[in-house]
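Working notes, structure below.
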Amino acid sequence: MQGLATESTDLAPVLTKSTGLAPVSTRFQSIKMADRSREQMLSMASMLVSLVDLRDCYTGGHSTRVAEYSHRIALEMGLGDEETEMLLLAASLHDVGKIGVPDHILLKPGRLTEDEFEYIKKHSEFGWMVLRTLQGFEEPSLVLLHHHERFDGGGYPGQLSGTRIPLGARIVAVGDAYDALTTNRPYRNGRSHEEAIAEIARCSKTQFDSNVVAAFIQSFR
């Protein structure tokens with residue numbers, strides 16, 4: 001091991017001069033720092049997901065499934081590794097803002113009243129406020145903020161439309177809707193896979209990005 005360390009040190013000036021890169025030892029330190037930062041981000045994300053699970057077991061399981069569906073779409077659309085990792089992080093945390101929703105609304109077994117629904121809609125903003133100040137979570141926080149926007153501009157909270165909506169948010173929106181449609185709730189039974197796919201396809205170009213919908217459907221073939 002000592003021989004390897006010495007050889008790397010001897011090569012450092014050569015590599016710096018010929019490639020214009022930082023010395024090897026400096027670059028190794030940067031990689032280690034990046035790895036530590038990534039580990040800290042993942043630990044923070046796991047902690048936040050655990051907090052959501054404590055509040056509402058449905059939301060926790062739902063978020064895991066939405067991340068899985070988002071991953072299918074990312075693979076089908078050919079997203080890069082870093083973009084996919086960011087997407088999965090955001091999908092896992094997309095409902096973390098529900099921590100700020102009172103129990104009598106969040107855990108209500110029946111349908112929500114209009115006022116209760118207006119309050120629960122704020123969870124996307126609550127989640128954005130939680131994440132946006134955390135280093136490394138700036139981009140995922142925008143997915144949380146906008147995952148309830150509609151492609152036709154009729155969503156919330158920003159009434160964004162088309163490609164003004166971050167791609168990650170457009171992807172999570174489809175995975176979120178599919179899981180909501182297919183999951184049993186106290187007030188209704190979940191739909192079949194075929195029924196849910198048909199509903200999502202029907203809402204393509206209005207509620208959802210048609211390219212994302214096509215990728216999601218293709219991922220099951």
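Scheme for the structure tokens: letters A, B, ... for chains in order shown; per-chain residue numbers from 1; ligand numbers from 1 in order shown.
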Using only C-alpha atoms, tabulate the residues of segment 104-147 of chain A lying at most 8 Å from any atom of segment 160-179 of chain A, each with its closest atom pair and that distance in Å to one decimal, by chain and increasing residue number, as JSON lines.
{"residue": "A:Leu142", "atom": "CA", "partner": "A:Pro166", "partner_atom": "CA", "distance": 7.4}
{"residue": "A:Val143", "atom": "CA", "partner": "A:Ala169", "partner_atom": "CA", "distance": 4.5}
{"residue": "A:Leu144", "atom": "CA", "partner": "A:Ala169", "partner_atom": "CA", "distance": 7.1}
{"residue": "A:His146", "atom": "CA", "partner": "A:Ala169", "partner_atom": "CA", "distance": 5.7}
{"residue": "A:His147", "atom": "CA", "partner": "A:Ala169", "partner_atom": "CA", "distance": 4.3}
Select from segment 69-110 of chain A every residue with an atom at most 9 Å from any atom of segment 119-132 of chain A, then for each give the shortest pair of atoms and their distance in Å to one decimal, using only C-alpha atoms, rows by chain and rising number, as CSV.
residue,atom,partner,partner_atom,distance
A:Leu93,CA,A:Gly127,CA,8.1
A:His94,CA,A:Gly127,CA,7.3
A:Asp95,CA,A:His123,CA,6.9
A:Val96,CA,A:Gly127,CA,5.4
A:Gly97,CA,A:Gly127,CA,3.7
A:Lys98,CA,A:His123,CA,5.1
A:Ile99,CA,A:His123,CA,7.9
A:Gly100,CA,A:Phe126,CA,6.6
A:Val101,CA,A:Ile120,CA,6.3
A:Pro102,CA,A:Ile120,CA,8.9
A:Ile105,CA,A:Ile120,CA,7.5
A:Leu106,CA,A:Ile120,CA,7.4
Only N, CA and C atoms, please: the residues just picked out, written as a PDB file, in the first residue's frame.
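The new file again-v5.pdb reads:
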ATOM      1  N   LEU A  93     -39.567  11.416  -1.206  1.00  0.00           N
ATOM      2  CA  LEU A  93     -39.895  12.475  -0.250  1.00  0.00           C
ATOM      3  C   LEU A  93     -41.080  13.330  -0.691  1.00  0.00           C
ATOM      4  N   HIS A  94     -41.758  12.973  -1.782  1.00  0.00           N
ATOM      5  CA  HIS A  94     -42.713  13.905  -2.389  1.00  0.00           C
ATOM      6  C   HIS A  94     -43.860  14.289  -1.462  1.00  0.00           C
ATOM      7  N   ASP A  95     -44.181  13.432  -0.491  1.00  0.00           N
ATOM      8  CA  ASP A  95     -45.268  13.744   0.439  1.00  0.00           C
ATOM      9  C   ASP A  95     -44.786  14.113   1.832  1.00  0.00           C
ATOM     10  N   VAL A  96     -43.492  14.446   1.960  1.00  0.00           N
ATOM     11  CA  VAL A  96     -42.956  14.745   3.293  1.00  0.00           C
ATOM     12  C   VAL A  96     -43.649  15.965   3.911  1.00  0.00           C
ATOM     13  N   GLY A  97     -44.198  16.841   3.077  1.00  0.00           N
ATOM     14  CA  GLY A  97     -44.897  18.017   3.595  1.00  0.00           C
ATOM     15  C   GLY A  97     -46.153  17.681   4.373  1.00  0.00           C
ATOM     16  N   LYS A  98     -46.620  16.434   4.264  1.00  0.00           N
ATOM     17  CA  LYS A  98     -47.805  16.031   5.026  1.00  0.00           C
ATOM     18  C   LYS A  98     -47.527  15.984   6.529  1.00  0.00           C
ATOM     19  N   ILE A  99     -46.245  16.086   6.885  1.00  0.00           N
ATOM     20  CA  ILE A  99     -45.889  16.223   8.297  1.00  0.00           C
ATOM     21  C   ILE A  99     -46.574  17.450   8.890  1.00  0.00           C
ATOM     22  N   GLY A 100     -46.790  18.469   8.054  1.00  0.00           N
ATOM     23  CA  GLY A 100     -47.406  19.710   8.522  1.00  0.00           C
ATOM     24  C   GLY A 100     -48.919  19.713   8.479  1.00  0.00           C
ATOM     25  N   VAL A 101     -49.540  18.582   8.092  1.00  0.00           N
ATOM     26  CA  VAL A 101     -51.005  18.503   8.020  1.00  0.00           C
ATOM     27  C   VAL A 101     -51.534  17.898   9.310  1.00  0.00           C
ATOM     28  N   PRO A 102     -52.530  18.513   9.954  1.00  0.00           N
ATOM     29  CA  PRO A 102     -53.069  17.989  11.215  1.00  0.00           C
ATOM     30  C   PRO A 102     -53.605  16.571  11.067  1.00  0.00           C
ATOM     31  N   ILE A 105     -57.100  15.693   9.677  1.00  0.00           N
ATOM     32  CA  ILE A 105     -57.254  15.779   8.215  1.00  0.00           C
ATOM     33  C   ILE A 105     -56.482  14.656   7.541  1.00  0.00           C
ATOM     34  N   LEU A 106     -55.206  14.501   7.914  1.00  0.00           N
ATOM     35  CA  LEU A 106     -54.339  13.521   7.273  1.00  0.00           C
ATOM     36  C   LEU A 106     -54.857  12.097   7.463  1.00  0.00           C
TER      37      LEU A 106
END
Next item on the list: Would you list, as a PyMOL selection string, the residues of segment 26-209 of chain A that end up in helix (DSSP H, G or I) under DSSP run on this structure's backbone?
Entry: chain A and resi 26-55+57-77+81-93+96-100+103-106+114-120+123-131+138-146+162-164+167-182+193-202
Next item on the list: With a distance cut-off of 8 Å and only C-alpha atoms, select the neighbouring residues of segment 84-86 of chain A, excluding the residue or stretch itself and same-chain residues fewer than 6 positions from it, and output the selection as a VMD selection string.
Entry: chain A and resid 71 74 139 to 140
Next item on the list: Check the smallest atom-to-atom distance from each of A:Asp103, A:Ile197, A:Asp209, A:Ser219 to Glu116 of chain A using only C-alpha atoms, then report the winner.
Entry: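 Closest candidate: A:Asp103.
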Next item on the list: Have a look at A:Leu42, A:Gly136, A:Gly80, A:Ile217 and name the one nearest to Ala201 of chain A; count only C-alpha atoms.
Entry: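 For Ala201 of chain A, the nearest of the given residues is A:Ile217.
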Note to self: Residues within 12 Å of Tyr187 of chain A, please, as a ChimeraX atom specification. Count only C-alpha atoms; anything in the same chain fewer than 6 positions from it doesn't count.
What the structure shows: /A:108-112
Check: Looking at A:Glu194, A:Leu75, A:Phe151, A:Arg221, which one is nearest to Thr206 of chain A, with distances taken over only C-alpha atoms?
Finding: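 Closest to Thr206 of chain A of all the choices is A:Phe151.
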Item checked: Who sits within 12 Å of Met44 of chain A, only C-alpha atoms, same chain under 4 positions skipped, as a list in words ->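 The contact residues come out as Ser37, Arg38, Glu39, Gln40, Leu48, Val49, Ser50, Leu51, Leu89, Ser92, Leu93, Val130, Leu131, Leu134, Gln135, Gly136 and Phe137 of chain A.
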Notebook entry, point to check: Mind pulling up the distance from atom CA of Cys203 of chain A to atom CA of Leu87 of chain A?
Noted result: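 Calculated distance between atom CA of Leu87 of chain A and atom CA of Cys203 of chain A is 22.2 Å.
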Notebook entry, point to check: What does the distance between atom CA of Arg36 of chain A and atom CA of Arg55 of chain A come to in Å, to one decimal place?
Noted result: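 If I compute the distance from atom CA of Arg36 of chain A to atom CA of Arg55 of chain A, I get 29.1 Å.
The residues of segment 68-213 of chain A that DSSP classifies as strand (DSSP E or B), using the backbone of this structure, are Arg185, Arg188, Ser204 and Phe208 of chain A.
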Checklist line | Computed interatomic separation between atom CA of Gly155 of chain A and atom CA of Ser63 of chain A (Å) | finding: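 Separating atom CA of Gly155 of chain A from atom CA of Ser63 of chain A is a distance of 20.2 Å.
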